[in-house]
>>> print(open('target_33.tsv').read())   # TSV, C-alpha atoms and all ligand atoms
chain	number	residue	atom	x	y	z
A	441	MET	CA	-146.30	20.16	29.28
A	442	LEU	CA	-148.58	18.81	26.51
A	443	ARG	CA	-151.79	20.74	25.92
A	444	HIS	CA	-154.99	18.68	26.35
A	445	SER	CA	-155.81	18.48	22.65
A	446	THR	CA	-152.24	17.41	21.78
A	447	LEU	CA	-152.33	14.74	24.48
A	448	ASP	CA	-155.71	13.49	23.18
A	449	HIS	CA	-154.34	13.33	19.69
A	450	THR	CA	-151.19	11.47	20.79
A	451	LEU	CA	-153.24	8.93	22.75
A	452	LYS	CA	-155.66	8.41	19.89
A	453	ALA	CA	-152.78	7.78	17.52
A	454	LYS	CA	-151.29	5.19	19.87
A	455	VAL	CA	-154.40	3.34	21.11
A	456	ARG	CA	-156.41	2.11	18.17
A	457	ASN	CA	-160.09	1.50	18.81
A	458	PRO	CA	-160.30	-2.34	18.89
A	459	TYR	CA	-163.84	-2.20	17.47
A	460	LEU	CA	-162.70	-0.36	14.36
A	461	PRO	CA	-162.21	-2.76	11.44
A	462	HIS	CA	-159.51	-2.43	8.81
A	463	LEU	CA	-160.84	-2.38	5.28
A	464	ALA	CA	-159.84	-5.36	3.17
A	465	ARG	CA	-160.60	-6.21	-0.44
A	466	ILE	CA	-161.72	-9.64	-1.60
A	467	VAL	CA	-159.10	-10.59	-4.17
A	468	ARG	CA	-160.33	-14.10	-4.87
A	469	ILE	CA	-163.17	-16.44	-3.97
A	470	ASP	CA	-162.63	-20.16	-4.38
A	471	ARG	CA	-166.04	-21.81	-4.75
A	472	ALA	CA	-164.73	-25.39	-5.05
A	473	VAL	CA	-166.93	-26.72	-2.22
A	474	GLN	CA	-170.61	-25.83	-2.15
A	475	ASP	CA	-171.47	-23.59	0.83
A	476	ASN	CA	-167.82	-23.61	1.99
A	477	TYR	CA	-166.09	-20.89	0.03
A	478	VAL	CA	-162.50	-19.81	0.56
A	479	PHE	CA	-162.14	-16.02	0.63
A	480	TYR	CA	-158.79	-14.33	-0.01
A	481	PHE	CA	-158.45	-10.81	1.40
A	482	ARG	CA	-155.87	-8.08	0.99
A	483	PHE	CA	-155.87	-5.13	3.41
A	484	GLU	CA	-156.43	-1.81	1.68
A	485	ASP	CA	-153.67	-0.15	3.70
A	486	PRO	CA	-150.43	-1.52	2.16
A	487	LYS	CA	-148.60	-1.18	5.49
A	488	ILE	CA	-151.16	-3.40	7.22
A	489	ALA	CA	-151.14	-5.81	4.28
A	490	GLU	CA	-147.38	-6.26	4.67
A	491	THR	CA	-147.17	-6.37	8.45
A	492	PHE	CA	-150.40	-8.09	9.55
A	493	ASP	CA	-149.25	-10.90	11.82
A	494	TYR	CA	-151.06	-13.68	13.63
A	495	LYS	CA	-150.73	-17.21	14.99
A	496	PRO	CA	-152.28	-20.30	13.44
A	497	GLY	CA	-155.51	-20.99	15.35
A	498	GLN	CA	-156.44	-17.33	15.82
A	499	PHE	CA	-159.59	-15.83	14.32
A	500	LEU	CA	-160.84	-12.63	12.73
A	501	GLU	CA	-164.09	-10.72	13.10
A	502	ILE	CA	-165.21	-10.15	9.51
A	503	THR	CA	-167.69	-7.35	8.86
A	504	VAL	CA	-169.95	-7.32	5.86
A	505	LEU	CA	-170.63	-3.61	5.65
A	506	GLY	CA	-174.23	-2.79	6.51
A	507	THR	CA	-174.96	-6.32	7.80
A	508	GLY	CA	-172.76	-7.21	10.76
A	509	GLU	CA	-169.75	-9.26	11.73
A	510	ALA	CA	-168.91	-12.89	12.42
A	511	PRO	CA	-165.88	-14.64	13.91
A	512	ILE	CA	-164.02	-16.71	11.32
A	513	SER	CA	-160.77	-18.66	11.72
A	514	LEU	CA	-157.70	-17.79	9.74
A	515	SER	CA	-156.91	-20.57	7.26
A	516	SER	CA	-153.73	-19.04	5.90
A	517	SER	CA	-150.34	-19.16	7.56
A	518	PRO	CA	-148.56	-16.07	8.94
A	519	THR	CA	-145.47	-17.32	7.11
A	520	ARG	CA	-147.15	-16.25	3.84
A	521	LYS	CA	-147.65	-12.50	4.01
A	522	GLY	CA	-149.86	-10.24	1.94
A	523	ILE	CA	-153.11	-12.19	1.67
A	524	VAL	CA	-155.25	-13.57	4.50
A	525	GLU	CA	-157.44	-16.56	3.76
A	526	THR	CA	-160.56	-17.84	5.46
A	527	CYS	CA	-162.90	-20.71	4.69
A	528	VAL	CA	-166.50	-19.71	5.36
A	529	ARG	CA	-169.57	-21.91	5.63
A	530	ARG	CA	-172.84	-20.28	4.66
A	531	MET	CA	-174.87	-20.23	7.91
A	532	GLY	CA	-176.89	-17.10	8.63
A	533	ARG	CA	-177.09	-13.36	8.20
A	534	VAL	CA	-173.42	-12.38	7.88
A	535	THR	CA	-172.15	-15.40	5.99
A	536	ASN	CA	-175.03	-15.22	3.50
A	537	ALA	CA	-174.23	-11.54	2.94
A	538	LEU	CA	-170.55	-12.46	2.45
A	539	TYR	CA	-171.56	-15.05	-0.16
A	540	ARG	CA	-173.39	-12.32	-2.09
A	541	LEU	CA	-170.14	-10.32	-2.38
A	542	LYS	CA	-167.83	-10.61	-5.36
A	543	GLU	CA	-164.13	-10.27	-6.05
A	544	ASN	CA	-163.05	-6.64	-5.60
A	545	ASN	CA	-165.73	-5.88	-2.97
A	546	VAL	CA	-164.57	-4.56	0.39
A	547	VAL	CA	-165.18	-5.95	3.91
A	548	GLY	CA	-164.02	-4.93	7.38
A	549	ILE	CA	-161.62	-7.06	9.37
A	550	ARG	CA	-160.82	-6.86	13.11
A	551	GLY	CA	-158.26	-9.02	14.79
A	552	PRO	CA	-156.42	-11.29	15.02
A	553	PHE	CA	-158.10	-12.58	18.20
A	554	GLY	CA	-157.78	-15.56	20.50
A	555	ASN	CA	-154.80	-17.47	21.80
A	556	GLY	CA	-154.01	-19.59	18.71
A	557	TYR	CA	-152.02	-22.82	18.76
A	558	PRO	CA	-148.93	-22.84	21.00
A	559	VAL	CA	-146.55	-23.19	18.03
A	560	GLU	CA	-143.45	-22.63	20.16
A	561	GLU	CA	-144.38	-25.66	22.30
A	562	LEU	CA	-144.99	-27.77	19.18
A	563	LYS	CA	-141.49	-27.14	17.84
A	564	GLY	CA	-139.22	-30.18	18.10
A	565	GLN	CA	-142.27	-32.39	18.69
A	566	ASN	CA	-144.30	-34.77	16.52
A	567	VAL	CA	-147.60	-33.17	15.49
A	568	LEU	CA	-150.72	-35.20	14.76
A	569	MET	CA	-153.45	-33.03	13.23
A	570	VAL	CA	-156.95	-34.48	13.03
A	571	ALA	CA	-159.71	-32.56	11.24
A	572	GLY	CA	-163.32	-33.21	10.33
A	573	GLY	CA	-165.29	-31.16	7.78
A	574	LEU	CA	-164.91	-27.40	8.28
A	575	GLY	CA	-162.46	-28.15	11.12
A	576	MET	CA	-159.82	-28.17	8.38
A	577	ALA	CA	-160.10	-24.34	8.25
A	578	PRO	CA	-157.94	-23.53	11.33
A	579	ILE	CA	-155.87	-26.73	10.98
A	580	ARG	CA	-154.81	-25.63	7.49
A	581	SER	CA	-153.22	-22.51	8.98
A	582	LEU	CA	-151.12	-24.67	11.31
A	583	LEU	CA	-150.38	-27.18	8.56
A	584	ASN	CA	-149.00	-24.52	6.20
A	585	TYR	CA	-147.04	-22.94	9.05
A	586	ILE	CA	-145.41	-26.30	9.75
A	587	LEU	CA	-144.76	-26.98	6.05
A	588	ASP	CA	-143.02	-23.61	5.72
A	589	ARG	CA	-140.82	-24.33	8.77
A	590	ARG	CA	-140.69	-28.08	8.36
A	591	TYR	CA	-137.17	-28.34	9.86
A	592	GLU	CA	-138.49	-27.06	13.23
A	593	PHE	CA	-140.90	-29.96	13.74
A	594	ASN	CA	-140.50	-33.68	14.05
A	595	ASP	CA	-142.89	-36.19	12.41
A	596	VAL	CA	-146.07	-34.64	11.02
A	597	TYR	CA	-149.38	-36.43	10.47
A	598	LEU	CA	-152.67	-35.15	9.10
A	599	LEU	CA	-155.87	-37.18	9.28
A	600	TYR	CA	-158.79	-35.46	7.55
A	601	GLY	CA	-162.27	-36.74	6.85
A	602	ALA	CA	-165.42	-35.40	5.22
A	603	ARG	CA	-168.74	-36.87	4.19
A	604	TYR	CA	-168.24	-36.97	0.39
A	605	PRO	CA	-165.15	-36.39	-1.78
A	606	GLU	CA	-166.81	-33.16	-2.94
A	607	ASP	CA	-166.83	-31.89	0.67
A	608	LEU	CA	-163.07	-32.14	1.23
A	609	LEU	CA	-161.71	-28.64	1.66
A	610	PHE	CA	-158.41	-27.74	-0.01
A	611	LYS	CA	-158.62	-31.08	-1.83
A	612	GLU	CA	-155.99	-30.38	-4.51
A	613	GLU	CA	-153.50	-29.12	-1.96
A	614	LEU	CA	-154.05	-32.12	0.29
A	615	THR	CA	-153.85	-34.62	-2.55
A	616	LEU	CA	-150.43	-33.17	-3.41
A	617	LEU	CA	-149.50	-33.28	0.26
A	618	SER	CA	-150.33	-36.98	0.47
A	619	GLN	CA	-147.54	-37.55	-2.10
A	620	ARG	CA	-144.93	-35.84	0.09
A	621	ALA	CA	-142.51	-38.03	2.00
A	622	ASP	CA	-142.08	-35.66	4.96
A	623	VAL	CA	-145.78	-35.55	5.93
A	624	ASN	CA	-148.09	-38.48	6.54
A	625	CYS	CA	-151.40	-37.20	5.11
A	626	LEU	CA	-154.40	-39.52	5.15
A	627	LEU	CA	-157.80	-38.58	3.76
A	628	ALA	CA	-161.10	-40.40	4.12
A	629	VAL	CA	-164.69	-39.87	3.03
A	630	GLU	CA	-167.75	-41.52	4.54
A	631	GLN	CA	-169.37	-42.22	1.21
A	632	SER	CA	-168.06	-42.03	-2.28
A	633	TYR	CA	-170.42	-41.49	-5.14
A	634	ASN	CA	-169.00	-40.21	-8.33
A	635	LEU	CA	-170.87	-37.29	-9.76
A	636	PRO	CA	-170.54	-36.86	-13.53
A	637	GLY	CA	-167.54	-34.65	-14.23
A	638	ASN	CA	-165.94	-35.28	-10.83
A	639	PRO	CA	-162.76	-37.33	-10.57
A	640	ILE	CA	-163.14	-40.84	-9.19
A	641	TRP	CA	-162.32	-41.13	-5.47
A	642	ASN	CA	-159.51	-43.63	-5.01
A	643	GLY	CA	-158.87	-42.82	-1.37
A	644	LYS	CA	-160.11	-44.38	1.84
A	645	ILE	CA	-163.77	-44.79	2.69
A	646	GLY	CA	-164.71	-44.50	6.34
A	647	LEU	CA	-164.69	-42.15	9.29
A	648	VAL	CA	-161.74	-39.98	10.19
A	649	THR	CA	-161.26	-42.16	13.29
A	650	ASP	CA	-160.67	-45.18	10.99
A	651	LEU	CA	-157.53	-43.41	9.73
A	652	PHE	CA	-155.89	-43.96	13.12
A	653	ASP	CA	-155.49	-47.62	12.08
A	654	TYR	CA	-153.04	-46.53	9.35
A	655	LEU	CA	-150.75	-44.57	11.68
A	656	PRO	CA	-147.37	-45.99	12.67
A	657	GLU	CA	-146.75	-46.49	16.38
A	658	LEU	CA	-146.58	-43.01	17.94
A	659	ASP	CA	-144.37	-41.92	20.80
A	660	VAL	CA	-147.16	-40.01	22.54
A	661	SER	CA	-144.76	-38.51	25.09
A	662	SER	CA	-143.28	-36.36	22.31
A	663	THR	CA	-146.43	-35.85	20.22
A	664	TYR	CA	-149.12	-33.18	20.31
A	665	ALA	CA	-152.56	-33.95	18.89
A	666	VAL	CA	-154.31	-30.93	17.38
A	667	ILE	CA	-157.97	-31.61	16.64
A	668	CYS	CA	-160.85	-29.65	15.14
A	669	GLY	CA	-164.22	-30.73	13.82
A	670	PRO	CA	-167.96	-30.83	14.45
A	671	PRO	CA	-169.20	-31.55	18.02
A	672	ILE	CA	-169.71	-35.32	17.51
A	673	PHE	CA	-166.18	-35.63	16.12
A	674	TYR	CA	-164.61	-34.72	19.50
A	675	LYS	CA	-166.20	-37.64	21.35
A	676	PHE	CA	-164.82	-40.28	18.98
A	677	VAL	CA	-161.44	-38.67	18.24
A	678	LEU	CA	-160.81	-38.12	21.96
A	679	GLU	CA	-161.62	-41.78	22.61
A	680	ARG	CA	-158.96	-42.82	20.08
A	681	LEU	CA	-156.37	-40.42	21.47
A	682	LEU	CA	-156.94	-41.49	25.06
A	683	LYS	CA	-156.70	-45.14	23.99
A	684	LEU	CA	-153.27	-44.30	22.53
A	685	LYS	CA	-152.45	-42.88	26.01
A	686	PHE	CA	-152.09	-39.24	24.99
A	687	SER	CA	-151.66	-37.00	28.00
A	688	LYS	CA	-154.64	-34.65	28.40
A	689	ASN	CA	-152.48	-31.56	28.09
A	690	ARG	CA	-151.02	-32.78	24.78
A	691	ILE	CA	-154.45	-32.74	23.13
A	692	LEU	CA	-155.28	-29.30	21.70
A	693	MET	CA	-158.84	-28.58	20.63
A	694	SER	CA	-160.19	-25.60	18.76
A	695	LEU	CA	-163.67	-24.78	20.10
A	696	GLU	CA	-166.39	-22.41	18.95
A	697	ARG	CA	-168.83	-20.35	20.97
A	698	ARG	CA	-171.20	-17.55	20.13
A	699	MET	CA	-169.02	-14.41	20.07
A	700	GLU	CA	-169.55	-10.69	19.72
A	701	CYS	CA	-166.64	-8.44	20.70
A	702	GLY	CA	-163.77	-10.94	20.41
A	703	ILE	CA	-161.79	-9.02	23.03
A	704	GLY	CA	-163.15	-10.13	26.41
A	705	LYS	CA	-165.57	-7.23	26.95
A	706	CYS	CA	-169.13	-8.40	26.18
A	707	GLY	CA	-169.20	-11.73	28.05
A	708	HIS	CA	-171.07	-13.57	25.24
A	709	CYS	CA	-168.45	-16.31	24.97
A	710	ALA	CA	-167.96	-16.91	28.71
A	711	ILE	CA	-167.83	-20.52	29.86
A	712	GLY	CA	-167.50	-20.64	33.61
A	713	TYR	CA	-164.47	-18.48	34.39
A	714	LYS	CA	-163.06	-18.67	30.82
A	715	TYR	CA	-163.65	-16.37	27.87
A	716	THR	CA	-163.44	-18.36	24.66
A	717	CYS	CA	-162.29	-15.28	22.75
A	718	LEU	CA	-159.33	-14.65	25.08
A	719	ASP	CA	-158.50	-17.98	26.78
A	720	GLY	CA	-159.41	-19.89	23.59
A	721	PRO	CA	-160.49	-20.82	21.02
A	722	VAL	CA	-157.67	-23.35	21.55
A	723	PHE	CA	-158.01	-25.37	24.76
A	724	THR	CA	-156.30	-28.51	25.99
A	725	TYR	CA	-158.38	-31.55	26.82
A	726	TRP	CA	-157.17	-31.00	30.39
A	727	ASP	CA	-158.97	-27.60	30.34
A	728	ALA	CA	-162.15	-29.38	29.21
A	729	VAL	CA	-161.89	-31.98	31.96
A	730	ASN	CA	-161.70	-29.16	34.51
A	731	LEU	CA	-164.49	-27.18	32.83
A	732	PRO	CA	-166.83	-29.76	31.25
A	733	GLU	CA	-169.12	-27.11	29.67
A	734	LEU	CA	-166.25	-26.42	27.24
A	735	LEU	CA	-167.06	-29.55	25.25
A	801	LIG	C1	-163.52	-18.74	17.09
A	801	LIG	C2	-164.49	-19.06	15.97
A	801	LIG	C3	-164.00	-19.43	14.74
A	801	LIG	C4	-164.88	-19.72	13.70
A	801	LIG	N1	-164.35	-20.06	12.48
A	801	LIG	C5	-165.18	-20.26	11.46
A	801	LIG	C6	-164.64	-20.55	10.16
A	801	LIG	O1	-163.43	-20.61	9.94
A	801	LIG	N2	-165.52	-20.73	9.14
A	801	LIG	C7	-166.89	-20.66	9.35
A	801	LIG	O2	-167.63	-20.83	8.38
A	801	LIG	N3	-167.41	-20.42	10.56
A	801	LIG	C8	-166.59	-20.21	11.62
A	801	LIG	N4	-167.13	-19.94	12.84
A	801	LIG	C9	-168.58	-19.97	13.02
A	801	LIG	C10	-169.23	-18.68	12.55
A	801	LIG	O3	-168.73	-17.59	13.30
A	801	LIG	C11	-170.74	-18.78	12.73
A	801	LIG	O4	-171.26	-19.71	11.82
A	801	LIG	C12	-171.38	-17.41	12.57
A	801	LIG	O5	-172.48	-17.32	13.41
A	801	LIG	C13	-171.85	-17.12	11.20
A	801	LIG	O6	-172.51	-15.88	11.25
A	801	LIG	P1	-173.91	-15.66	10.55
A	801	LIG	O7	-174.35	-14.24	10.86
A	801	LIG	O8	-173.81	-16.03	9.13
A	801	LIG	O9	-174.84	-16.71	11.26
A	801	LIG	P2	-175.93	-16.41	12.40
A	801	LIG	O10	-177.09	-15.75	11.74
A	801	LIG	O11	-175.27	-15.73	13.55
A	801	LIG	O12	-176.25	-17.88	12.89
A	801	LIG	C14	-176.55	-18.96	12.08
A	801	LIG	C15	-176.75	-20.20	12.95
A	801	LIG	O13	-175.54	-20.60	13.57
A	801	LIG	C16	-175.67	-20.66	14.99
A	801	LIG	N5	-174.37	-20.22	15.51
A	801	LIG	C17	-173.80	-19.05	15.35
A	801	LIG	N6	-172.57	-19.03	15.89
A	801	LIG	C18	-172.37	-20.21	16.43
A	801	LIG	C19	-171.30	-20.82	17.12
A	801	LIG	N7	-170.16	-20.16	17.34
A	801	LIG	N8	-171.43	-22.09	17.52
A	801	LIG	C20	-172.56	-22.76	17.27
A	801	LIG	N9	-173.60	-22.26	16.60
A	801	LIG	C21	-173.52	-21.01	16.18
A	801	LIG	C22	-176.81	-19.78	15.29
A	801	LIG	O14	-177.45	-20.14	16.49
A	801	LIG	C23	-177.71	-20.01	14.07
A	801	LIG	O15	-178.42	-21.21	14.19
A	801	LIG	C24	-166.28	-19.65	13.91
A	801	LIG	C25	-166.77	-19.29	15.16
A	801	LIG	C26	-165.89	-19.00	16.18
A	801	LIG	C27	-166.43	-18.60	17.50
A	802	LIG	S1	-166.79	-12.39	22.56
A	802	LIG	FE1	-167.10	-10.77	23.93
A	802	LIG	S2	-166.18	-11.52	25.74
A	802	LIG	FE2	-165.67	-13.01	24.28
>>> encode(input="target_33.tsv", output="structure tokens")
Amino acid sequence: MLRHSTLDHTLKAKVRNPYLPHLARIVRIDRAVQDNYVFYFRFEDPKIAETFDYKPGQFLEITVLGTGEAPISLSSSPTRKGIVETCVRRMGRVTNALYRLKENNVVGIRGPFGNGYPVEELKGQNVLMVAGGLGMAPIRSLLNYILDRRYEFNDVYLLYGARYPEDLLFKEELTLLSQRADVNCLLAVEQSYNLPGNPIWNGKIGLVTDLFDYLPELDVSSTYAVICGPPIFYKFVLERLLKLKFSKNRILMSLERRMECGIGKCGHCAIGYKYTCLDGPVFTYWDAVNLPELL
């Protein structure tokens, strides 16, 4: 029989405290968009760095040591191991503290949390991704996942809009993507003014919903729509999708709520009988129809 202390030790080794963050080093900060920086992290423990796995659409709890933690979506794809990427908007206490950090500083990371996108269900289907503003952060994880396993998916569309050309996240990547034949990538900005030193915007001017007019006819019975953006975005994008006769359970939305634990313990993210951190952050529009407080 195991002695008490041995048993304790064995249990402790097996059950990791879910509140304990892993240390990760900032290896790069991309400051291309004001107040929307992309942070690249590498876990300090090489084993975790190599094996850390997640699904597109999941999120991390990022701790700025001595300040606190905030939930942030993964923007990188699990198909590209070694570095995890997040796009962070400067909002309050934690994100401001994160912005004060530099390359080589260390943060804590818990996760991955949440359900993520149902990638297995998307395989063999057409995928229409629609993003507004910072909504591109989780969509980019799915996009890169699909690009790395392109043969597993049918037609792929990305519609992405921002206010100004300077606000488009991952602009260089997406400009290259719009030249690819196997992805239909359409970008739009609401207003284009050309700041000195910035390249001239030759793309479309308008709202992300205007980009629907450039789509070919979609077979909605074999297409999933994956959408993420600011609150107002959902109203108008959902209108367009429903007009195209998308079934409610083929519309996947990534939603945000105030979160603390990320693991279904504190109740902060509860909406009716759902916990956004466990049952979400990805919900179908059908979920939202049955639980209207979701939207
Ligand atoms: C699942 C999930 C994924 C997220 N992904 C990202 C991401 O990829 N990039 C990113 O920049 N941010 C993301 N966020 C939002 C981010 O967690 C909040 O902005 C967070 O509060 C920032 O922490 P802070 O301490 O800097 O701000 P705080 O000091 O906590 O708050 C700043 C302001 O934001 C409000 N606020 C805080 N959280 C939320 C929320 N969830 N919804 C609405 N208002 C809120 C507060 O009321 C306050 O006005 C995500 C949130 C969730 C729940
Ligand atoms: S964040 Fe604590 S229960 Fe969801």
>>> closest_residue(input="target_33.tsv", among="A:Leu500, A:Ala602, A:Val547, A:Ile667", to="ligand LIG 802 (chain A)", atoms="only C-alpha atoms and all ligand atoms")
A:Leu500
>>> atom_distance(input="target_33.tsv", atom1="CA of Ile512 (chain A)", atom2="CA of Phe686 (chain A)")
28.9 Å
>>> closest_residue(input="target_33.tsv", among="A:Gly564, A:Gly508, A:Gly572, A:Pro732", to="Tyr591 (chain A)", atoms="only C-alpha atoms")
A:Gly564
>>> residues_near_ligand(input="target_33.tsv", ligand="ligand LIG 802 (chain A)", cutoff="8 Å", atoms="all atoms listed in the file", output="ChimeraX atom specification")
/A:698-710,715-718
>>> atom_distance(input="target_33.tsv", atom1="CA of Lys685 (chain A)", atom2="CA of Ser661 (chain A)")
8.9 Å
>>> atom_distance(input="target_33.tsv", atom1="CA of Ile691 (chain A)", atom2="CA of Tyr477 (chain A)")
28.5 Å
>>> residues_near_ligand(input="target_33.tsv", ligand="ligand LIG 801 (chain A)", cutoff="7 Å", atoms="only C-alpha atoms and all ligand atoms", output="MDAnalysis selection string")
chainID A and resid 476 499 509:514 526:536 574 577:578 695:699 717 721
>>> closest_residue(input="target_33.tsv", among="A:Asp588, A:Asp659, A:Glu612, A:Glu733", to="Thr519 (chain A)", atoms="only C-alpha atoms")
A:Asp588
>>> axis_aligned_box(input="target_33.tsv", around="region 493-497 of chain A", padding_each_side="3 Å", output="lines of an AutoDock Vina configuration file")
center_x = -152.4
center_y = -15.9
center_z = 13.6
size_x = 12.3
size_y = 16.1
size_z = 9.5
>>> residues_around(input="target_33.tsv", residues="Thr491 (chain A)", least_positions_apart="3", cutoff="12 Å", atoms="all atoms listed in the file", output="compact mmCIF listing (two decimals) with C-alpha atoms, in the coordinates of the input")
# COMPACT_ATOMS: atom_id res chain seq x y z
CA ARG A 482 -155.87 -8.08 0.99
CA PHE A 483 -155.87 -5.13 3.41
CA ASP A 485 -153.67 -0.15 3.70
CA PRO A 486 -150.43 -1.52 2.16
CA LYS A 487 -148.60 -1.18 5.49
CA ILE A 488 -151.16 -3.40 7.22
CA TYR A 494 -151.06 -13.68 13.63
CA PRO A 518 -148.56 -16.07 8.94
CA THR A 519 -145.47 -17.32 7.11
CA ARG A 520 -147.15 -16.25 3.84
CA LYS A 521 -147.65 -12.50 4.01
CA GLY A 522 -149.86 -10.24 1.94
CA ILE A 523 -153.11 -12.19 1.67
CA VAL A 524 -155.25 -13.57 4.50
>>> closest_residue(input="target_33.tsv", among="A:Leu460, A:Ala665, A:Val677, A:Leu647", to="Leu627 (chain A)", atoms="only C-alpha atoms")
A:Leu647
>>> build_atoms(input="target_33.tsv", residues="region 486-492 of chain A", atoms="all heavy atoms", output="mmCIF file, in the frame of the given file")
data_model
loop_
_atom_site.group_PDB
_atom_site.id
_atom_site.type_symbol
_atom_site.label_atom_id
_atom_site.label_comp_id
_atom_site.auth_asym_id
_atom_site.auth_seq_id
_atom_site.Cartn_x
_atom_site.Cartn_y
_atom_site.Cartn_z
ATOM 1 N N PRO A 486 -151.557 -0.645 2.524
ATOM 2 C CA PRO A 486 -150.430 -1.520 2.160
ATOM 3 C C PRO A 486 -149.538 -1.871 3.343
ATOM 4 O O PRO A 486 -148.981 -2.962 3.414
ATOM 5 C CB PRO A 486 -149.657 -0.716 1.119
ATOM 6 C CG PRO A 486 -150.401 0.527 0.882
ATOM 7 C CD PRO A 486 -151.579 0.619 1.797
ATOM 8 N N LYS A 487 -149.435 -0.928 4.309
ATOM 9 C CA LYS A 487 -148.600 -1.180 5.490
ATOM 10 C C LYS A 487 -149.194 -2.342 6.295
ATOM 11 O O LYS A 487 -148.477 -3.226 6.751
ATOM 12 C CB LYS A 487 -148.557 0.082 6.340
ATOM 13 C CG LYS A 487 -147.226 0.292 7.002
ATOM 14 C CD LYS A 487 -147.288 1.577 7.710
ATOM 15 C CE LYS A 487 -146.002 2.074 8.247
ATOM 16 N NZ LYS A 487 -146.236 3.390 8.814
ATOM 17 N N ILE A 488 -150.509 -2.314 6.466
ATOM 18 C CA ILE A 488 -151.160 -3.400 7.220
ATOM 19 C C ILE A 488 -151.045 -4.702 6.435
ATOM 20 O O ILE A 488 -150.761 -5.764 6.994
ATOM 21 C CB ILE A 488 -152.633 -3.047 7.536
ATOM 22 C CG1 ILE A 488 -152.665 -1.834 8.458
ATOM 23 C CG2 ILE A 488 -153.362 -4.224 8.187
ATOM 24 C CD1 ILE A 488 -154.002 -1.212 8.615
ATOM 25 N N ALA A 489 -151.237 -4.610 5.121
ATOM 26 C CA ALA A 489 -151.140 -5.810 4.280
ATOM 27 C C ALA A 489 -149.776 -6.494 4.464
ATOM 28 O O ALA A 489 -149.678 -7.707 4.550
ATOM 29 C CB ALA A 489 -151.359 -5.456 2.814
ATOM 30 N N GLU A 490 -148.734 -5.695 4.556
ATOM 31 C CA GLU A 490 -147.380 -6.260 4.670
ATOM 32 C C GLU A 490 -147.070 -6.773 6.071
ATOM 33 O O GLU A 490 -146.331 -7.734 6.241
ATOM 34 C CB GLU A 490 -146.334 -5.173 4.366
ATOM 35 C CG GLU A 490 -146.011 -5.010 2.906
ATOM 36 C CD GLU A 490 -145.308 -3.685 2.672
ATOM 37 O OE1 GLU A 490 -144.484 -3.280 3.511
ATOM 38 O OE2 GLU A 490 -145.630 -3.040 1.649
ATOM 39 N N THR A 491 -147.631 -6.082 7.086
ATOM 40 C CA THR A 491 -147.170 -6.370 8.450
ATOM 41 C C THR A 491 -148.168 -7.183 9.274
ATOM 42 O O THR A 491 -147.831 -7.608 10.373
ATOM 43 C CB THR A 491 -146.890 -5.049 9.213
ATOM 44 O OG1 THR A 491 -148.086 -4.274 9.170
ATOM 45 C CG2 THR A 491 -145.732 -4.300 8.600
ATOM 46 N N PHE A 492 -149.373 -7.391 8.765
ATOM 47 C CA PHE A 492 -150.400 -8.090 9.550
ATOM 48 C C PHE A 492 -149.881 -9.460 9.992
ATOM 49 O O PHE A 492 -149.498 -10.281 9.168
ATOM 50 C CB PHE A 492 -151.673 -8.250 8.706
ATOM 51 C CG PHE A 492 -152.834 -8.809 9.487
ATOM 52 C CD1 PHE A 492 -153.513 -8.019 10.403
ATOM 53 C CD2 PHE A 492 -153.243 -10.125 9.312
ATOM 54 C CE1 PHE A 492 -154.580 -8.531 11.132
ATOM 55 C CE2 PHE A 492 -154.311 -10.640 10.039
ATOM 56 C CZ PHE A 492 -154.975 -9.839 10.953
#
